[in-house]
file entry.cif (mmCIF, C-alpha atoms (C1' of nucleotides))
data_work
loop_
_atom_site.group_PDB
_atom_site.id
_atom_site.type_symbol
_atom_site.label_atom_id
_atom_site.label_comp_id
_atom_site.auth_asym_id
_atom_site.auth_seq_id
_atom_site.Cartn_x
_atom_site.Cartn_y
_atom_site.Cartn_z
ATOM 1 C CA MET I 1 259.147 89.094 108.166
ATOM 2 C CA PHE I 2 255.878 87.345 108.036
ATOM 3 C CA ASN I 3 252.960 89.623 108.669
ATOM 4 C CA PRO I 4 250.171 87.721 110.460
ATOM 5 C CA PRO I 5 247.289 89.842 109.181
ATOM 6 C CA ASN I 6 248.215 88.820 105.681
ATOM 7 C CA ALA I 7 248.910 85.211 106.374
ATOM 8 C CA SER I 8 245.759 84.168 104.616
ATOM 9 C CA ARG I 9 247.018 85.738 101.406
ATOM 10 C CA PHE I 10 250.262 83.825 101.663
ATOM 11 C CA PHE I 11 248.290 80.669 102.275
ATOM 12 C CA GLN I 12 246.109 81.266 99.258
ATOM 13 C CA LEU I 13 249.162 81.640 97.051
ATOM 14 C CA VAL I 14 250.490 78.358 98.385
ATOM 15 C CA TRP I 15 247.230 76.604 97.643
ATOM 16 C CA ALA I 16 247.061 78.114 94.156
ATOM 17 C CA ILE I 17 250.579 76.940 93.315
ATOM 18 C CA VAL I 18 250.075 73.462 94.702
ATOM 19 C CA ASP I 19 246.957 73.192 92.591
ATOM 20 C CA GLU I 20 249.161 73.501 89.504
ATOM 21 C CA ILE I 21 251.214 70.393 90.183
ATOM 22 C CA PRO I 22 250.223 67.727 87.636
ATOM 23 C CA PRO I 23 249.406 64.140 88.620
ATOM 24 C CA GLY I 24 252.448 61.913 89.006
ATOM 25 C CA ARG I 25 254.663 64.859 89.875
ATOM 26 C CA VAL I 26 255.908 66.181 93.179
ATOM 27 C CA SER I 27 257.360 69.394 94.556
ATOM 28 C CA SER I 28 258.886 70.343 97.883
ATOM 29 C CA TYR I 29 257.815 72.827 100.518
ATOM 30 C CA GLY I 30 260.906 74.895 99.810
ATOM 31 C CA GLN I 31 260.271 74.901 96.095
ATOM 32 C CA ILE I 32 256.729 76.136 96.569
ATOM 33 C CA ALA I 33 258.032 78.851 98.889
ATOM 34 C CA SER I 34 260.561 80.006 96.310
ATOM 35 C CA MET I 35 257.784 80.482 93.780
ATOM 36 C CA ILE I 36 256.065 83.054 95.960
ATOM 37 C CA PRO I 37 257.498 86.500 95.232
ATOM 38 C CA PRO I 38 258.734 88.585 98.170
ATOM 39 C CA SER I 39 256.538 91.436 99.310
ATOM 40 C CA GLU I 40 256.227 93.851 102.205
ATOM 41 C CA ASP I 41 254.590 91.041 104.127
ATOM 42 C CA TRP I 42 257.297 88.463 103.641
ATOM 43 C CA ASP I 43 260.799 88.804 102.226
ATOM 44 C CA ALA I 44 262.849 85.934 100.926
ATOM 45 C CA ALA I 45 265.880 86.877 102.998
ATOM 46 C CA SER I 46 264.430 86.660 106.466
ATOM 47 C CA MET I 47 262.296 83.683 105.550
ATOM 48 C CA LYS I 48 265.199 81.890 103.981
ATOM 49 C CA ARG I 49 265.027 78.614 105.830
ATOM 50 C CA LEU I 50 261.732 79.268 107.515
ATOM 51 C CA ALA I 51 259.628 79.826 104.428
ATOM 52 C CA ALA I 52 259.259 76.131 103.762
ATOM 53 C CA ARG I 53 257.837 75.738 107.213
ATOM 54 C CA TRP I 54 255.171 78.275 106.408
ATOM 55 C CA VAL I 55 254.250 76.373 103.305
ATOM 56 C CA GLY I 56 253.746 73.358 105.515
ATOM 57 C CA THR I 57 251.624 75.446 107.836
ATOM 58 C CA ALA I 58 249.542 76.632 104.916
ATOM 59 C CA LEU I 59 248.900 73.099 103.747
ATOM 60 C CA ARG I 60 248.008 72.020 107.237
ATOM 61 C CA LYS I 61 245.363 74.730 107.243
ATOM 62 C CA THR I 62 243.962 73.809 103.865
ATOM 63 C CA PRO I 63 240.162 74.055 104.022
ATOM 64 C CA ARG I 64 238.383 70.710 103.918
ATOM 65 C CA ASP I 65 236.467 71.692 100.826
ATOM 66 C CA LEU I 66 239.435 72.936 98.839
ATOM 67 C CA PRO I 67 240.366 70.099 96.444
ATOM 68 C CA ILE I 68 244.062 70.705 95.917
ATOM 69 C CA PRO I 69 246.639 67.922 95.386
ATOM 70 C CA TRP I 70 248.304 68.468 98.764
ATOM 71 C CA HIS I 71 249.844 65.012 98.616
ATOM 72 C CA ARG I 72 252.143 66.088 95.773
ATOM 73 C CA VAL I 73 254.221 68.183 98.180
ATOM 74 C CA ILE I 74 257.001 66.382 100.039
ATOM 75 C CA ASN I 75 260.174 67.569 101.762
ATOM 76 C CA SER I 76 263.485 68.486 100.162
ATOM 77 C CA GLN I 77 264.884 65.059 100.910
ATOM 78 C CA GLY I 78 262.281 63.518 98.651
ATOM 79 C CA LYS I 79 260.454 61.988 101.567
ATOM 80 C CA ILE I 80 257.007 62.332 103.031
ATOM 81 C CA SER I 81 257.079 64.681 105.992
ATOM 82 C CA PHE I 82 254.505 62.932 108.145
ATOM 83 C CA PRO I 83 255.793 60.510 110.774
ATOM 84 C CA ALA I 84 256.838 57.323 108.970
ATOM 85 C CA GLY I 85 254.300 54.566 109.335
ATOM 86 C CA GLY I 86 251.578 56.919 110.505
ATOM 87 C CA ALA I 87 248.120 56.988 108.985
ATOM 88 C CA GLN I 88 248.730 60.302 107.258
ATOM 89 C CA ALA I 89 252.019 59.164 105.772
ATOM 90 C CA GLN I 90 250.437 55.978 104.476
ATOM 91 C CA ARG I 91 247.571 57.851 102.902
ATOM 92 C CA GLN I 92 249.897 60.319 101.172
ATOM 93 C CA ARG I 93 252.099 57.553 99.876
ATOM 94 C CA GLN I 94 249.131 55.627 98.572
ATOM 95 C CA LEU I 95 247.802 58.682 96.758
ATOM 96 C CA LEU I 96 251.177 59.231 95.122
ATOM 97 C CA GLU I 97 251.653 55.601 94.186
ATOM 98 C CA SER I 98 248.216 55.550 92.615
ATOM 99 C CA GLU I 99 249.547 58.241 90.276
ATOM 100 C CA GLY I 100 252.587 56.191 89.449
ATOM 101 C CA VAL I 101 255.083 57.856 91.747
ATOM 102 C CA GLN I 102 257.630 55.336 92.939
ATOM 103 C CA PHE I 103 259.429 55.165 96.263
ATOM 104 C CA ASP I 104 262.769 53.512 96.848
ATOM 105 C CA ARG I 105 263.568 51.131 99.667
ATOM 106 C CA ARG I 106 264.019 53.999 102.099
ATOM 107 C CA GLY I 107 260.757 55.663 101.198
ATOM 108 C CA LYS I 108 262.337 58.278 99.018
ATOM 109 C CA VAL I 109 261.114 59.777 95.747
ATOM 110 C CA ASP I 110 263.524 60.651 92.944
ATOM 111 C CA PHE I 111 263.064 64.329 92.145
ATOM 112 C CA SER I 112 265.053 63.979 88.943
ATOM 113 C CA MET I 113 262.358 61.615 87.723
ATOM 114 C CA VAL I 114 259.097 63.015 89.005
ATOM 115 C CA GLY I 115 259.960 66.445 90.338
ATOM 116 C CA TRP I 116 257.631 69.152 89.053
ATOM 117 C CA THR I 117 259.617 71.479 86.822
ATOM 118 C CA GLY I 118 257.170 74.350 87.087
ATOM 119 C CA PRO I 119 254.230 76.073 85.426
ATOM 120 C CA ALA I 120 255.563 75.533 81.917
ATOM 121 C CA GLU I 121 255.382 71.794 82.345
ATOM 122 C CA THR I 122 251.859 72.075 83.682
ATOM 123 C CA PHE I 123 250.821 74.138 80.670
ATOM 124 C CA LEU I 124 252.294 71.708 78.186
ATOM 125 C CA ALA I 125 250.777 68.714 79.923
ATOM 126 C CA ARG I 126 247.349 70.335 80.043
ATOM 127 C CA ASN I 127 247.397 71.046 76.341
ATOM 128 C CA GLY I 128 248.455 67.555 75.469
ATOM 129 C CA LEU I 129 251.810 68.774 74.263
ATOM 130 C CA LEU I 130 253.647 66.641 76.722
ATOM 131 C CA PRO I 131 253.002 63.046 77.736
ATOM 132 C CA PRO I 132 252.500 63.477 81.509
ATOM 133 C CA ARG I 133 254.831 60.708 82.528
ATOM 134 C CA LEU I 134 257.336 60.706 79.715
ATOM 135 C CA LEU I 135 259.207 63.875 80.484
ATOM 136 C CA ARG I 136 262.898 63.121 80.939
ATOM 137 C "C1'" DC Y 137 249.897 85.318 128.992
ATOM 138 C "C1'" DG Y 138 253.895 81.708 128.986
ATOM 139 C "C1'" DT Y 139 254.829 77.187 126.582
ATOM 140 C "C1'" DT Y 140 254.762 73.941 123.268
ATOM 141 C "C1'" DT Y 141 254.469 72.640 118.622
ATOM 142 C "C1'" DG Y 142 254.986 72.213 114.022
ATOM 143 C "C1'" DA Y 143 253.131 68.682 106.614
ATOM 144 C "C1'" DC Y 144 261.021 72.485 106.773
ATOM 145 C "C1'" DT Y 145 265.941 72.929 105.592
ATOM 146 C "C1'" DA Y 146 270.830 73.418 105.364
ATOM 147 C "C1'" DC Y 147 274.779 71.897 107.594
ATOM 148 C "C1'" DG Y 148 277.983 69.461 110.559
ATOM 149 C "C1'" DC Y 149 279.297 64.959 112.246
ATOM 150 C "C1'" DC U 150 273.186 57.874 104.713
ATOM 151 C "C1'" DG U 151 271.341 58.883 109.324
ATOM 152 C "C1'" DC U 152 270.849 61.967 113.335
ATOM 153 C "C1'" DG U 153 270.922 66.340 115.781
ATOM 154 C "C1'" DT U 154 270.435 71.301 115.667
ATOM 155 C "C1'" DA U 155 269.909 76.191 114.629
ATOM 156 C "C1'" DG U 156 266.776 79.284 112.643
ATOM 157 C "C1'" DC U 157 263.797 82.333 115.661
ATOM 158 C "C1'" DC U 158 257.776 82.543 114.402
ATOM 159 C "C1'" DA U 159 252.637 82.151 114.479
ATOM 160 C "C1'" DA U 160 249.122 79.172 116.426
ATOM 161 C "C1'" DA U 161 247.208 76.338 119.353
ATOM 162 C "C1'" DC U 162 247.082 75.107 124.025
#
call {"tool": "encode", "arguments": {"input": "entry.cif", "output": "structure tokens"}}
result
Amino acid sequence: MFNPPNASRFFQLVWAIVDEIPPGRVSSYGQIASMIPPSEDWDAASMKRLAARWVGTALRKTPRDLPIPWHRVINSQGKISFPAGGAQAQRQRQLLESEGVQFDRRGKVDFSMVGWTGPAETFLARNGLLPPRLLR
DNA sequence: CGTTTGACTACGC
DNA sequence: CGCGTAGCCAAAC
């Protein structure tokens, strides 16, 4: 279950994780959700397919003054979750493209190319041990 | 206080 | 590959 009183804590974890995604990389709502350990407030089982939705809710409620790379989170299909063609979708796509992320004809990103592989990758990239865009 | 609405996903056609 | 739907919940109306 998802305990409302502690929603803010869940949200903060989401924001903290998203903040770790390096430029030119993307992750999905579901992936972010799976990185948050279960607790008495939310268990992986009952949130199975709903967890991702909560990650989306958390991002939607991101404070204006919290500079996290929200645009690096897309859906499991590799596509931007805002209505295609909308202002928000365009902005997100532009932000990603400015980091070198490429979209195919159908507006899809290739996770095998730019999918964030986790904290380890972030660590290596930060310490100059890994060329940001040459992994894989 | 009842309804509508999501920055989702897996699955079946 | 695209489209519809169940899942089943807190928030915003």
call {"tool": "interface_residues", "arguments": {"input": "entry.cif", "of": "chain I", "to": "chain Y", "cutoff": "7 Å", "atoms": "all atoms listed in the file", "output": "list in words"}}
result
Arg49, Leu50, Ala52, Arg53, Gly56, Leu59, Arg60, Ser81 and Phe82 of chain I
call {"tool": "resolve_selection", "arguments": {"input": "entry.cif", "expression": "the PyMOL selection byres ((chain U) within 10 of (chain I))", "output": "PDB file with C-alpha atoms (C1' of nucleotides), in the frame of the given file"}}
result
ATOM      1  C1'  DG U 156     266.776  79.284 112.643  1.00  0.00           C
ATOM      2  C1'  DC U 157     263.797  82.333 115.661  1.00  0.00           C
ATOM      3  C1'  DC U 158     257.776  82.543 114.402  1.00  0.00           C
ATOM      4  C1'  DA U 159     252.637  82.151 114.479  1.00  0.00           C
ATOM      5  C1'  DA U 160     249.122  79.172 116.426  1.00  0.00           C
TER       6       DA U 160
END
call {"tool": "atom_distance", "arguments": {"input": "entry.cif", "atom1": "atom CA of Arg25 of chain I", "atom2": "atom CA of Arg72 of chain I"}}
result
6.5 Å
call {"tool": "residues_around", "arguments": {"input": "entry.cif", "residues": "Leu13 of chain I", "least_positions_apart": "3", "cutoff": "12 Å", "atoms": "all atoms listed in the file", "output": "number ranges by chain"}}
result
I: 6-10, 16-20, 32-38, 54-55, 58-59, 62
call {"tool": "atom_distance", "arguments": {"input": "entry.cif", "atom1": "atom CA of Ile21 of chain I", "atom2": "atom CA of Trp70 of chain I"}}
result
9.3 Å
